[in-house]
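Reproduced below: protein-v4.txt, with compact mmCIF, N, CA and C atoms.
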```
# COMPACT_ATOMS: atom_id res chain seq x y z
N MET A 15 0.81 -1.19 0.00
CA MET A 15 0.00 0.00 0.00
C MET A 15 0.87 1.26 0.00
N PHE A 16 1.78 1.39 0.96
CA PHE A 16 2.68 2.53 0.99
C PHE A 16 4.01 2.17 0.34
N LYS A 17 4.49 3.09 -0.44
CA LYS A 17 5.77 2.88 -1.10
C LYS A 17 6.90 3.07 -0.09
N LYS A 18 7.86 2.18 -0.11
CA LYS A 18 9.01 2.33 0.76
C LYS A 18 9.91 3.41 0.17
N LEU A 19 10.38 4.30 1.03
CA LEU A 19 11.26 5.36 0.58
C LEU A 19 12.69 4.87 0.56
N SER A 20 13.43 5.33 -0.42
CA SER A 20 14.84 5.02 -0.44
C SER A 20 15.54 5.86 0.62
N ASP A 21 16.76 5.51 0.94
CA ASP A 21 17.51 6.25 1.95
C ASP A 21 17.71 7.70 1.51
N LYS A 22 17.92 7.91 0.22
CA LYS A 22 18.11 9.26 -0.32
C LYS A 22 16.85 10.10 -0.14
N GLN A 23 15.68 9.51 -0.43
CA GLN A 23 14.41 10.23 -0.26
C GLN A 23 14.13 10.52 1.21
N ARG A 24 14.42 9.56 2.06
CA ARG A 24 14.19 9.73 3.49
C ARG A 24 15.04 10.88 4.04
N LYS A 25 16.31 10.96 3.61
CA LYS A 25 17.19 12.02 4.07
C LYS A 25 16.71 13.38 3.58
N ARG A 26 16.23 13.46 2.32
CA ARG A 26 15.73 14.73 1.80
C ARG A 26 14.51 15.19 2.58
N LEU A 27 13.59 14.27 2.86
CA LEU A 27 12.40 14.62 3.62
C LEU A 27 12.74 15.08 5.04
N HIS A 28 13.76 14.47 5.64
CA HIS A 28 14.21 14.88 6.96
C HIS A 28 14.76 16.31 6.91
N ARG A 29 15.58 16.60 5.89
CA ARG A 29 16.11 17.96 5.73
C ARG A 29 14.97 18.95 5.49
N LYS A 30 13.98 18.54 4.70
CA LYS A 30 12.84 19.40 4.38
C LYS A 30 12.10 19.81 5.65
N VAL A 31 11.82 18.87 6.51
CA VAL A 31 11.12 19.15 7.76
C VAL A 31 11.96 20.09 8.63
N HIS A 32 13.24 19.85 8.68
CA HIS A 32 14.14 20.68 9.49
C HIS A 32 14.17 22.11 8.98
N ILE A 33 14.20 22.28 7.66
CA ILE A 33 14.23 23.61 7.05
C ILE A 33 12.92 24.34 7.30
N ARG A 34 11.79 23.64 7.17
CA ARG A 34 10.48 24.27 7.29
C ARG A 34 10.18 24.74 8.71
N LYS A 35 10.98 24.32 9.69
CA LYS A 35 10.80 24.82 11.05
C LYS A 35 11.11 26.31 11.11
N THR A 36 12.02 26.78 10.27
CA THR A 36 12.44 28.18 10.32
C THR A 36 11.94 29.00 9.13
N VAL A 37 11.74 28.39 7.97
CA VAL A 37 11.33 29.12 6.78
C VAL A 37 9.81 29.18 6.75
N TYR A 38 9.29 30.44 6.76
CA TYR A 38 7.85 30.65 6.81
C TYR A 38 7.51 31.85 5.94
N GLY A 39 6.50 31.70 5.11
CA GLY A 39 6.12 32.78 4.21
C GLY A 39 4.98 33.61 4.75
N THR A 40 5.11 34.93 4.63
CA THR A 40 4.05 35.84 5.06
C THR A 40 3.57 36.63 3.85
N ALA A 41 2.65 37.54 4.06
CA ALA A 41 2.15 38.36 2.96
C ALA A 41 3.25 39.29 2.44
N GLU A 42 4.10 39.79 3.35
CA GLU A 42 5.18 40.69 2.94
C GLU A 42 6.32 39.93 2.28
N ARG A 43 6.66 38.76 2.83
CA ARG A 43 7.73 37.93 2.29
C ARG A 43 7.23 36.50 2.11
N PRO A 44 6.60 36.20 0.98
CA PRO A 44 6.11 34.83 0.77
C PRO A 44 7.26 33.85 0.55
N ARG A 45 6.94 32.58 0.71
CA ARG A 45 7.93 31.51 0.58
C ARG A 45 7.92 30.97 -0.85
N MET A 46 9.10 30.92 -1.47
CA MET A 46 9.22 30.32 -2.80
C MET A 46 9.81 28.92 -2.64
N THR A 47 9.03 27.92 -3.00
CA THR A 47 9.46 26.54 -2.84
C THR A 47 9.69 25.89 -4.19
N VAL A 48 10.66 24.99 -4.22
CA VAL A 48 11.10 24.35 -5.46
C VAL A 48 10.89 22.84 -5.34
N TYR A 49 10.35 22.23 -6.38
CA TYR A 49 10.32 20.77 -6.46
C TYR A 49 10.96 20.38 -7.78
N ARG A 50 11.83 19.42 -7.71
CA ARG A 50 12.58 19.02 -8.90
C ARG A 50 12.42 17.52 -9.08
N SER A 51 11.99 17.13 -10.28
CA SER A 51 11.92 15.71 -10.60
C SER A 51 12.93 15.44 -11.72
N ASN A 52 12.96 14.22 -12.18
CA ASN A 52 13.90 13.89 -13.26
C ASN A 52 13.52 14.55 -14.57
N LYS A 53 12.22 14.86 -14.75
CA LYS A 53 11.76 15.41 -16.02
C LYS A 53 11.36 16.88 -15.95
N ASN A 54 10.94 17.36 -14.79
CA ASN A 54 10.37 18.70 -14.70
C ASN A 54 10.83 19.45 -13.46
N LEU A 55 10.61 20.75 -13.49
CA LEU A 55 10.83 21.64 -12.35
C LEU A 55 9.52 22.33 -12.03
N TYR A 56 9.25 22.50 -10.76
CA TYR A 56 8.03 23.17 -10.31
C TYR A 56 8.42 24.20 -9.26
N VAL A 57 7.86 25.41 -9.37
CA VAL A 57 8.15 26.47 -8.41
C VAL A 57 6.82 27.10 -8.01
N GLN A 58 6.66 27.31 -6.70
CA GLN A 58 5.46 27.96 -6.17
C GLN A 58 5.87 29.05 -5.20
N VAL A 59 5.10 30.11 -5.16
CA VAL A 59 5.27 31.15 -4.16
C VAL A 59 4.02 31.12 -3.29
N VAL A 60 4.22 30.89 -1.99
CA VAL A 60 3.11 30.59 -1.08
C VAL A 60 3.09 31.59 0.09
N ASN A 61 1.89 32.04 0.43
CA ASN A 61 1.67 32.79 1.65
C ASN A 61 1.19 31.79 2.70
N ASP A 62 2.04 31.45 3.66
CA ASP A 62 1.71 30.43 4.65
C ASP A 62 0.68 30.91 5.67
N ASP A 63 0.55 32.23 5.85
CA ASP A 63 -0.47 32.75 6.78
C ASP A 63 -1.86 32.37 6.32
N GLU A 64 -2.12 32.52 5.02
CA GLU A 64 -3.44 32.21 4.46
C GLU A 64 -3.49 30.83 3.83
N GLY A 65 -2.33 30.22 3.60
CA GLY A 65 -2.30 28.92 2.94
C GLY A 65 -2.64 29.00 1.47
N LYS A 66 -2.26 30.10 0.82
CA LYS A 66 -2.59 30.30 -0.59
C LYS A 66 -1.34 30.40 -1.44
N THR A 67 -1.46 29.86 -2.65
CA THR A 67 -0.40 29.98 -3.63
C THR A 67 -0.59 31.29 -4.38
N LEU A 68 0.42 32.14 -4.35
CA LEU A 68 0.34 33.44 -5.00
C LEU A 68 0.75 33.39 -6.46
N ALA A 69 1.73 32.55 -6.77
CA ALA A 69 2.20 32.41 -8.15
C ALA A 69 2.84 31.03 -8.29
N ALA A 70 2.78 30.50 -9.49
CA ALA A 70 3.38 29.19 -9.75
C ALA A 70 3.89 29.15 -11.18
N ILE A 71 4.89 28.32 -11.39
CA ILE A 71 5.44 28.13 -12.73
C ILE A 71 6.06 26.74 -12.77
N SER A 72 6.01 26.11 -13.93
CA SER A 72 6.63 24.80 -14.06
C SER A 72 6.99 24.55 -15.52
N THR A 73 7.77 23.53 -15.75
CA THR A 73 8.14 23.16 -17.11
C THR A 73 7.03 22.35 -17.77
N MET A 74 5.90 22.17 -17.08
CA MET A 74 4.75 21.49 -17.66
C MET A 74 3.89 22.45 -18.48
N GLU A 75 4.09 23.76 -18.28
CA GLU A 75 3.31 24.75 -19.02
C GLU A 75 3.74 24.77 -20.48
N LYS A 76 2.82 25.18 -21.33
CA LYS A 76 3.08 25.20 -22.78
C LYS A 76 4.30 26.03 -23.15
N ASP A 77 4.41 27.22 -22.54
CA ASP A 77 5.49 28.14 -22.88
C ASP A 77 6.86 27.60 -22.48
N PHE A 78 6.92 26.76 -21.47
CA PHE A 78 8.18 26.26 -20.95
C PHE A 78 8.36 24.76 -21.15
N ALA A 79 7.58 24.16 -22.04
CA ALA A 79 7.63 22.71 -22.24
C ALA A 79 8.97 22.25 -22.81
N SER A 80 9.67 23.14 -23.50
CA SER A 80 10.95 22.76 -24.09
C SER A 80 12.09 22.76 -23.07
N LEU A 81 11.84 23.33 -21.89
CA LEU A 81 12.88 23.40 -20.86
C LEU A 81 12.99 22.09 -20.10
N LYS A 82 14.19 21.72 -19.80
CA LYS A 82 14.49 20.50 -19.04
C LYS A 82 15.06 20.90 -17.68
N PRO A 83 15.14 20.00 -16.72
CA PRO A 83 15.71 20.36 -15.42
C PRO A 83 17.24 20.41 -15.44
N THR A 84 17.76 21.31 -16.24
CA THR A 84 19.21 21.53 -16.32
C THR A 84 19.52 22.90 -15.73
N VAL A 85 20.79 23.16 -15.50
CA VAL A 85 21.20 24.41 -14.89
C VAL A 85 20.80 25.60 -15.76
N ALA A 86 21.06 25.52 -17.05
CA ALA A 86 20.76 26.63 -17.96
C ALA A 86 19.26 26.89 -18.04
N ASP A 87 18.48 25.84 -18.15
CA ASP A 87 17.03 26.00 -18.25
C ASP A 87 16.40 26.44 -16.92
N ALA A 88 17.00 26.03 -15.81
CA ALA A 88 16.50 26.45 -14.50
C ALA A 88 16.68 27.95 -14.33
N ALA A 89 17.77 28.49 -14.84
CA ALA A 89 18.00 29.93 -14.77
C ALA A 89 16.94 30.68 -15.57
N LYS A 90 16.58 30.16 -16.74
CA LYS A 90 15.53 30.78 -17.57
C LYS A 90 14.18 30.73 -16.84
N LEU A 91 13.89 29.60 -16.22
CA LEU A 91 12.64 29.45 -15.48
C LEU A 91 12.61 30.41 -14.28
N GLY A 92 13.74 30.58 -13.63
CA GLY A 92 13.84 31.51 -12.51
C GLY A 92 13.58 32.95 -12.93
N GLU A 93 14.12 33.34 -14.10
CA GLU A 93 13.88 34.68 -14.61
C GLU A 93 12.40 34.88 -14.94
N ALA A 94 11.77 33.87 -15.51
CA ALA A 94 10.35 33.95 -15.82
C ALA A 94 9.52 34.06 -14.54
N MET A 95 9.93 33.32 -13.52
CA MET A 95 9.22 33.40 -12.23
C MET A 95 9.39 34.79 -11.62
N GLY A 96 10.58 35.35 -11.74
CA GLY A 96 10.82 36.71 -11.25
C GLY A 96 9.92 37.73 -11.95
N ALA A 97 9.73 37.55 -13.25
CA ALA A 97 8.85 38.45 -14.00
C ALA A 97 7.40 38.33 -13.52
N ARG A 98 6.96 37.11 -13.22
CA ARG A 98 5.59 36.91 -12.72
C ARG A 98 5.41 37.54 -11.35
N LEU A 99 6.45 37.45 -10.52
CA LEU A 99 6.37 38.06 -9.19
C LEU A 99 6.35 39.57 -9.28
N LYS A 100 7.10 40.14 -10.22
CA LYS A 100 7.10 41.59 -10.41
C LYS A 100 5.70 42.07 -10.81
N GLU A 101 5.02 41.30 -11.67
CA GLU A 101 3.66 41.65 -12.09
C GLU A 101 2.70 41.71 -10.89
N LYS A 102 2.95 40.86 -9.91
CA LYS A 102 2.08 40.80 -8.73
C LYS A 102 2.60 41.68 -7.59
N ASN A 103 3.58 42.54 -7.89
CA ASN A 103 4.17 43.48 -6.92
C ASN A 103 4.79 42.78 -5.72
N ILE A 104 5.43 41.63 -5.96
CA ILE A 104 6.17 40.92 -4.91
C ILE A 104 7.64 41.15 -5.19
N THR A 105 8.35 41.77 -4.24
CA THR A 105 9.75 42.10 -4.47
C THR A 105 10.71 41.30 -3.58
N THR A 106 10.24 40.83 -2.44
CA THR A 106 11.10 40.05 -1.55
C THR A 106 10.42 38.73 -1.22
N ILE A 107 11.22 37.68 -1.16
CA ILE A 107 10.70 36.35 -0.84
C ILE A 107 11.64 35.64 0.12
N VAL A 108 11.17 34.52 0.64
CA VAL A 108 11.99 33.61 1.43
C VAL A 108 12.15 32.36 0.58
N PHE A 109 13.38 31.90 0.40
CA PHE A 109 13.64 30.76 -0.48
C PHE A 109 13.62 29.46 0.31
N ASP A 110 12.79 28.52 -0.14
CA ASP A 110 12.69 27.20 0.47
C ASP A 110 13.23 26.19 -0.53
N ARG A 111 14.39 25.64 -0.25
CA ARG A 111 15.00 24.69 -1.20
C ARG A 111 14.40 23.30 -1.11
N ASN A 112 13.48 23.10 -0.18
CA ASN A 112 12.68 21.88 -0.09
C ASN A 112 13.51 20.63 0.17
N GLY A 113 14.61 20.78 0.90
CA GLY A 113 15.44 19.64 1.23
C GLY A 113 16.53 19.33 0.23
N TYR A 114 16.50 20.00 -0.91
CA TYR A 114 17.55 19.78 -1.91
C TYR A 114 18.78 20.60 -1.54
N LEU A 115 19.93 20.14 -1.99
CA LEU A 115 21.15 20.90 -1.75
C LEU A 115 21.10 22.18 -2.57
N TYR A 116 21.62 23.26 -2.01
CA TYR A 116 21.66 24.54 -2.72
C TYR A 116 22.85 24.50 -3.67
N HIS A 117 22.63 23.81 -4.78
CA HIS A 117 23.71 23.52 -5.72
C HIS A 117 23.08 23.17 -7.05
N GLY A 118 23.74 23.49 -8.14
CA GLY A 118 23.26 23.06 -9.45
C GLY A 118 21.96 23.72 -9.85
N VAL A 119 20.94 22.91 -10.12
CA VAL A 119 19.66 23.37 -10.64
C VAL A 119 18.97 24.31 -9.65
N VAL A 120 18.97 23.97 -8.38
CA VAL A 120 18.28 24.79 -7.37
C VAL A 120 18.97 26.15 -7.26
N LYS A 121 20.28 26.18 -7.26
CA LYS A 121 21.03 27.43 -7.19
C LYS A 121 20.80 28.27 -8.44
N ALA A 122 20.78 27.64 -9.61
CA ALA A 122 20.56 28.36 -10.86
C ALA A 122 19.18 28.99 -10.89
N LEU A 123 18.20 28.28 -10.39
CA LEU A 123 16.83 28.81 -10.32
C LEU A 123 16.78 30.04 -9.41
N ALA A 124 17.43 29.96 -8.25
CA ALA A 124 17.46 31.09 -7.32
C ALA A 124 18.20 32.27 -7.94
N ASP A 125 19.31 32.02 -8.60
CA ASP A 125 20.09 33.09 -9.23
C ASP A 125 19.30 33.75 -10.36
N GLY A 126 18.56 32.97 -11.12
CA GLY A 126 17.72 33.52 -12.18
C GLY A 126 16.63 34.42 -11.62
N THR A 127 16.07 34.03 -10.49
CA THR A 127 15.04 34.86 -9.85
C THR A 127 15.65 36.15 -9.34
N ARG A 128 16.86 36.07 -8.78
CA ARG A 128 17.55 37.28 -8.31
C ARG A 128 17.87 38.21 -9.48
N LYS A 129 18.25 37.61 -10.59
CA LYS A 129 18.59 38.39 -11.78
C LYS A 129 17.38 39.19 -12.27
N ALA A 130 16.18 38.68 -12.04
CA ALA A 130 14.94 39.37 -12.43
C ALA A 130 14.59 40.50 -11.46
N GLY A 131 15.34 40.63 -10.37
CA GLY A 131 15.13 41.73 -9.44
C GLY A 131 14.42 41.38 -8.16
N ILE A 132 14.27 40.11 -7.87
CA ILE A 132 13.61 39.68 -6.64
C ILE A 132 14.68 39.50 -5.56
N GLN A 133 14.42 40.01 -4.36
CA GLN A 133 15.39 39.91 -3.27
C GLN A 133 15.04 38.73 -2.37
N PHE A 134 16.07 38.08 -1.86
CA PHE A 134 15.89 36.95 -0.94
C PHE A 134 16.24 37.39 0.46
```

Using the file provided, produce a representation of the structure as structure tokens.
Amino acid sequence: MFKKLSDKQRKRLHRKVHIRKTVYGTAERPRMTVYRSNKNLYVQVVNDDEGKTLAAISTMEKDFASLKPTVADAAKLGEAMGARLKEKNITTIVFDRNGYLYHGVVKALADGTRKAGIQF
């Protein structure tokens, strides 16, 4: 019934819970969370006070379907997310790496968002 988690997945989930103890999104500084799979990238900006998603972007959308979860494409996705946040007048966020190491794709996504003018 329940899928057994690999040791790698279990460690990531443990890190995720540990991180979420301190990272919290408010209306002034919402939380930007990243999920990365082998085929796609997903990014959401969440206001944890209300439990609402303010903005979202992923490589599943038509405009970004050609992007893969690589460093170069993650930077492009980050810039697009930054543009969406600017449209909604969100200038500062809290970055939630969701248990992933701040390296490679996750770092490129964050740098792309910063390049668009969003402050962390």

### Message
So that I can check the surroundings of region 74-76 of chain A, please list as a VMD selection string every protein, DNA and RNA residue that reaches within 10 Å of it, counting only C-alpha atoms and ignoring chain neighbours fewer than 6 positions away.
### Response
chain A and resid 53 to 56 82

### Summary
Between atom N of Ile132 (chain A) and atom N of Gly96 (chain A) lies a distance of 7.2 Å

Leaving out region 18-35 of chain A and any residue of its chain fewer than 4 positions from it, which residues lie within 6.5 Å of it when counting all atoms listed in the file, given as a tab-separated table (two decimals) with N, CA and C atoms, keeping the file's coordinate frame?
```tsv
chain	number	residue	atom	x	y	z
A	112	ASN	N	13.48	23.10	-0.18
A	112	ASN	CA	12.68	21.88	-0.09
A	112	ASN	C	13.51	20.63	0.17
A	113	GLY	N	14.61	20.78	0.90
A	113	GLY	CA	15.44	19.64	1.23
A	113	GLY	C	16.53	19.33	0.23
A	114	TYR	N	16.50	20.00	-0.91
A	114	TYR	CA	17.55	19.78	-1.91
A	114	TYR	C	18.78	20.60	-1.54
```

### Query
What is the distance, in Å and to one decimal place, between atom N of Gly118 (chain A) and atom N of Lys100 (chain A)?
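So the two atoms, atom N of Gly118 (chain A) and atom N of Lys100 (chain A), lie 23.6 Å apart.
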
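Of note, atom C of Lys129 (chain A) and atom N of Asp63 (chain A) are spaced 25.7 Å apart.
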
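In terms of minimum interatomic distance to Asp62 (chain A), A:Arg45 ranks closest within A:Lys90, A:Arg98, A:Arg45, A:Arg50, counting all atoms listed in the file.
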
Secondary structure check, alpha helix (DSSP H) residues of chain A, as a JSON list (two decimals) with N, CA and C atoms, keeping the file's coordinate frame:
```json
[["chain", "number", "residue", "atom", "x", "y", "z"],
["A", 21, "ASP", "N", 16.76, 5.51, 0.94],
["A", 21, "ASP", "CA", 17.51, 6.25, 1.95],
["A", 21, "ASP", "C", 17.71, 7.70, 1.51],
["A", 22, "LYS", "N", 17.92, 7.91, 0.22],
["A", 22, "LYS", "CA", 18.11, 9.26, -0.32],
["A", 22, "LYS", "C", 16.85, 10.10, -0.14],
["A", 23, "GLN", "N", 15.68, 9.51, -0.43],
["A", 23, "GLN", "CA", 14.41, 10.23, -0.26],
["A", 23, "GLN", "C", 14.13, 10.52, 1.21],
["A", 24, "ARG", "N", 14.42, 9.56, 2.06],
["A", 24, "ARG", "CA", 14.19, 9.73, 3.49],
["A", 24, "ARG", "C", 15.04, 10.88, 4.04],
["A", 25, "LYS", "N", 16.31, 10.96, 3.61],
["A", 25, "LYS", "CA", 17.19, 12.02, 4.07],
["A", 25, "LYS", "C", 16.71, 13.38, 3.58],
["A", 26, "ARG", "N", 16.23, 13.46, 2.32],
["A", 26, "ARG", "CA", 15.73, 14.73, 1.80],
["A", 26, "ARG", "C", 14.51, 15.19, 2.58],
["A", 27, "LEU", "N", 13.59, 14.27, 2.86],
["A", 27, "LEU", "CA", 12.40, 14.62, 3.62],
["A", 27, "LEU", "C", 12.74, 15.08, 5.04],
["A", 28, "HIS", "N", 13.76, 14.47, 5.64],
["A", 28, "HIS", "CA", 14.21, 14.88, 6.96],
["A", 28, "HIS", "C", 14.76, 16.31, 6.91],
["A", 29, "ARG", "N", 15.58, 16.60, 5.89],
["A", 29, "ARG", "CA", 16.11, 17.96, 5.73],
["A", 29, "ARG", "C", 14.97, 18.95, 5.49],
["A", 30, "LYS", "N", 13.98, 18.54, 4.70],
["A", 30, "LYS", "CA", 12.84, 19.40, 4.38],
["A", 30, "LYS", "C", 12.10, 19.81, 5.65],
["A", 31, "VAL", "N", 11.82, 18.87, 6.51],
["A", 31, "VAL", "CA", 11.12, 19.15, 7.76],
["A", 31, "VAL", "C", 11.96, 20.09, 8.63],
["A", 32, "HIS", "N", 13.24, 19.85, 8.68],
["A", 32, "HIS", "CA", 14.14, 20.68, 9.49],
["A", 32, "HIS", "C", 14.17, 22.11, 8.98],
["A", 33, "ILE", "N", 14.20, 22.28, 7.66],
["A", 33, "ILE", "CA", 14.23, 23.61, 7.05],
["A", 33, "ILE", "C", 12.92, 24.34, 7.30],
["A", 34, "ARG", "N", 11.79, 23.64, 7.17],
["A", 34, "ARG", "CA", 10.48, 24.27, 7.29],
["A", 34, "ARG", "C", 10.18, 24.74, 8.71],
["A", 85, "VAL", "N", 20.79, 23.16, -15.50],
["A", 85, "VAL", "CA", 21.20, 24.41, -14.89],
["A", 85, "VAL", "C", 20.80, 25.60, -15.76],
["A", 86, "ALA", "N", 21.06, 25.52, -17.05],
["A", 86, "ALA", "CA", 20.76, 26.63, -17.96],
["A", 86, "ALA", "C", 19.26, 26.89, -18.04],
["A", 87, "ASP", "N", 18.48, 25.84, -18.15],
["A", 87, "ASP", "CA", 17.03, 26.00, -18.25],
["A", 87, "ASP", "C", 16.40, 26.44, -16.92],
["A", 88, "ALA", "N", 17.00, 26.03, -15.81],
["A", 88, "ALA", "CA", 16.50, 26.45, -14.50],
["A", 88, "ALA", "C", 16.68, 27.95, -14.33],
["A", 89, "ALA", "N", 17.77, 28.49, -14.84],
["A", 89, "ALA", "CA", 18.00, 29.93, -14.77],
["A", 89, "ALA", "C", 16.94, 30.68, -15.57],
["A", 90, "LYS", "N", 16.58, 30.16, -16.74],
["A", 90, "LYS", "CA", 15.53, 30.78, -17.57],
["A", 90, "LYS", "C", 14.18, 30.73, -16.84],
["A", 91, "LEU", "N", 13.89, 29.60, -16.22],
["A", 91, "LEU", "CA", 12.64, 29.45, -15.48],
["A", 91, "LEU", "C", 12.61, 30.41, -14.28],
["A", 92, "GLY", "N", 13.74, 30.58, -13.63],
["A", 92, "GLY", "CA", 13.84, 31.51, -12.51],
["A", 92, "GLY", "C", 13.58, 32.95, -12.93],
["A", 93, "GLU", "N", 14.12, 33.34, -14.10],
["A", 93, "GLU", "CA", 13.88, 34.68, -14.61],
["A", 93, "GLU", "C", 12.40, 34.88, -14.94],
["A", 94, "ALA", "N", 11.77, 33.87, -15.51],
["A", 94, "ALA", "CA", 10.35, 33.95, -15.82],
["A", 94, "ALA", "C", 9.52, 34.06, -14.54],
["A", 95, "MET", "N", 9.93, 33.32, -13.52],
["A", 95, "MET", "CA", 9.22, 33.40, -12.23],
["A", 95, "MET", "C", 9.39, 34.79, -11.62],
["A", 96, "GLY", "N", 10.58, 35.35, -11.74],
["A", 96, "GLY", "CA", 10.82, 36.71, -11.25],
["A", 96, "GLY", "C", 9.92, 37.73, -11.95],
["A", 97, "ALA", "N", 9.73, 37.55, -13.25],
["A", 97, "ALA", "CA", 8.85, 38.45, -14.00],
["A", 97, "ALA", "C", 7.40, 38.33, -13.52],
["A", 98, "ARG", "N", 6.96, 37.11, -13.22],
["A", 98, "ARG", "CA", 5.59, 36.91, -12.72],
["A", 98, "ARG", "C", 5.41, 37.54, -11.35],
["A", 99, "LEU", "N", 6.45, 37.45, -10.52],
["A", 99, "LEU", "CA", 6.37, 38.06, -9.19],
["A", 99, "LEU", "C", 6.35, 39.57, -9.28],
["A", 100, "LYS", "N", 7.10, 40.14, -10.22],
["A", 100, "LYS", "CA", 7.10, 41.59, -10.41],
["A", 100, "LYS", "C", 5.70, 42.07, -10.81],
["A", 101, "GLU", "N", 5.02, 41.30, -11.67],
["A", 101, "GLU", "CA", 3.66, 41.65, -12.09],
["A", 101, "GLU", "C", 2.70, 41.71, -10.89],
["A", 119, "VAL", "N", 20.94, 22.91, -10.12],
["A", 119, "VAL", "CA", 19.66, 23.37, -10.64],
["A", 119, "VAL", "C", 18.97, 24.31, -9.65],
["A", 120, "VAL", "N", 18.97, 23.97, -8.38],
["A", 120, "VAL", "CA", 18.28, 24.79, -7.37],
["A", 120, "VAL", "C", 18.97, 26.15, -7.26],
["A", 121, "LYS", "N", 20.28, 26.18, -7.26],
["A", 121, "LYS", "CA", 21.03, 27.43, -7.19],
["A", 121, "LYS", "C", 20.80, 28.27, -8.44],
["A", 122, "ALA", "N", 20.78, 27.64, -9.61],
["A", 122, "ALA", "CA", 20.56, 28.36, -10.86],
["A", 122, "ALA", "C", 19.18, 28.99, -10.89],
["A", 123, "LEU", "N", 18.20, 28.28, -10.39],
["A", 123, "LEU", "CA", 16.83, 28.81, -10.32],
["A", 123, "LEU", "C", 16.78, 30.04, -9.41],
["A", 124, "ALA", "N", 17.43, 29.96, -8.25],
["A", 124, "ALA", "CA", 17.46, 31.09, -7.32],
["A", 124, "ALA", "C", 18.20, 32.27, -7.94],
["A", 125, "ASP", "N", 19.31, 32.02, -8.60],
["A", 125, "ASP", "CA", 20.09, 33.09, -9.23],
["A", 125, "ASP", "C", 19.30, 33.75, -10.36],
["A", 126, "GLY", "N", 18.56, 32.97, -11.12],
["A", 126, "GLY", "CA", 17.72, 33.52, -12.18],
["A", 126, "GLY", "C", 16.63, 34.42, -11.62],
["A", 127, "THR", "N", 16.07, 34.03, -10.49],
["A", 127, "THR", "CA", 15.04, 34.86, -9.85],
["A", 127, "THR", "C", 15.65, 36.15, -9.34],
["A", 128, "ARG", "N", 16.86, 36.07, -8.78],
["A", 128, "ARG", "CA", 17.55, 37.28, -8.31],
["A", 128, "ARG", "C", 17.87, 38.21, -9.48],
["A", 129, "LYS", "N", 18.25, 37.61, -10.59],
["A", 129, "LYS", "CA", 18.59, 38.39, -11.78],
["A", 129, "LYS", "C", 17.38, 39.19, -12.27]]
```

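With only C-alpha atoms as the atoms that count, the minimum distance from Phe109 (chain A) to the choices A:Pro83, A:Gly39, A:Gly65, A:Gly126 is reached by A:Gly39.
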
#### Entry: chain A: residues DSSP assigns to strand (DSSP E), reported as a count of residues only
23

### Message
What's around Leu91 (chain A) at 6.5 Å? Count all atoms listed in the file, leave out sequence neighbours fewer than 4 positions away in its own chain, and write the answer as an MDAnalysis selection string.
### Response
chainID A and resid 86:87 95:96 123 126:127

#### Entry: All residues 12 Å or closer to Val108 (chain A), only C-alpha atoms, same chain fewer than 4 positions away omitted, as a PyMOL selection string
chain A and resi 33-34+36-48+58-62+104+112+124+127-128+132-134

Pull C-alpha atoms for region 32-65 of chain A from the block and write them as a PDB file, in the first residue's frame.
```
ATOM      1  CA  HIS A  32      14.139  20.676   9.493  1.00  0.00           C
ATOM      2  CA  ILE A  33      14.226  23.608   7.052  1.00  0.00           C
ATOM      3  CA  ARG A  34      10.476  24.265   7.285  1.00  0.00           C
ATOM      4  CA  LYS A  35      10.801  24.821  11.048  1.00  0.00           C
ATOM      5  CA  THR A  36      12.438  28.176  10.315  1.00  0.00           C
ATOM      6  CA  VAL A  37      11.330  29.120   6.777  1.00  0.00           C
ATOM      7  CA  TYR A  38       7.850  30.649   6.810  1.00  0.00           C
ATOM      8  CA  GLY A  39       6.124  32.783   4.205  1.00  0.00           C
ATOM      9  CA  THR A  40       4.054  35.840   5.063  1.00  0.00           C
ATOM     10  CA  ALA A  41       2.151  38.363   2.956  1.00  0.00           C
ATOM     11  CA  GLU A  42       5.183  40.693   2.942  1.00  0.00           C
ATOM     12  CA  ARG A  43       7.731  37.928   2.286  1.00  0.00           C
ATOM     13  CA  PRO A  44       6.105  34.830   0.773  1.00  0.00           C
ATOM     14  CA  ARG A  45       7.933  31.511   0.581  1.00  0.00           C
ATOM     15  CA  MET A  46       9.221  30.319  -2.804  1.00  0.00           C
ATOM     16  CA  THR A  47       9.457  26.544  -2.836  1.00  0.00           C
ATOM     17  CA  VAL A  48      11.096  24.347  -5.460  1.00  0.00           C
ATOM     18  CA  TYR A  49      10.322  20.773  -6.462  1.00  0.00           C
ATOM     19  CA  ARG A  50      12.579  19.020  -8.896  1.00  0.00           C
ATOM     20  CA  SER A  51      11.919  15.708 -10.605  1.00  0.00           C
ATOM     21  CA  ASN A  52      13.900  13.894 -13.256  1.00  0.00           C
ATOM     22  CA  LYS A  53      11.764  15.410 -16.020  1.00  0.00           C
ATOM     23  CA  ASN A  54      10.368  18.699 -14.698  1.00  0.00           C
ATOM     24  CA  LEU A  55      10.834  21.637 -12.351  1.00  0.00           C
ATOM     25  CA  TYR A  56       8.027  23.167 -10.311  1.00  0.00           C
ATOM     26  CA  VAL A  57       8.149  26.467  -8.414  1.00  0.00           C
ATOM     27  CA  GLN A  58       5.462  27.962  -6.174  1.00  0.00           C
ATOM     28  CA  VAL A  59       5.268  31.153  -4.158  1.00  0.00           C
ATOM     29  CA  VAL A  60       3.115  30.594  -1.077  1.00  0.00           C
ATOM     30  CA  ASN A  61       1.665  32.792   1.654  1.00  0.00           C
ATOM     31  CA  ASP A  62       1.710  30.433   4.650  1.00  0.00           C
ATOM     32  CA  ASP A  63      -0.466  32.750   6.780  1.00  0.00           C
ATOM     33  CA  GLU A  64      -3.436  32.211   4.464  1.00  0.00           C
ATOM     34  CA  GLY A  65      -2.303  28.918   2.945  1.00  0.00           C
TER      35      GLY A  65
END
```
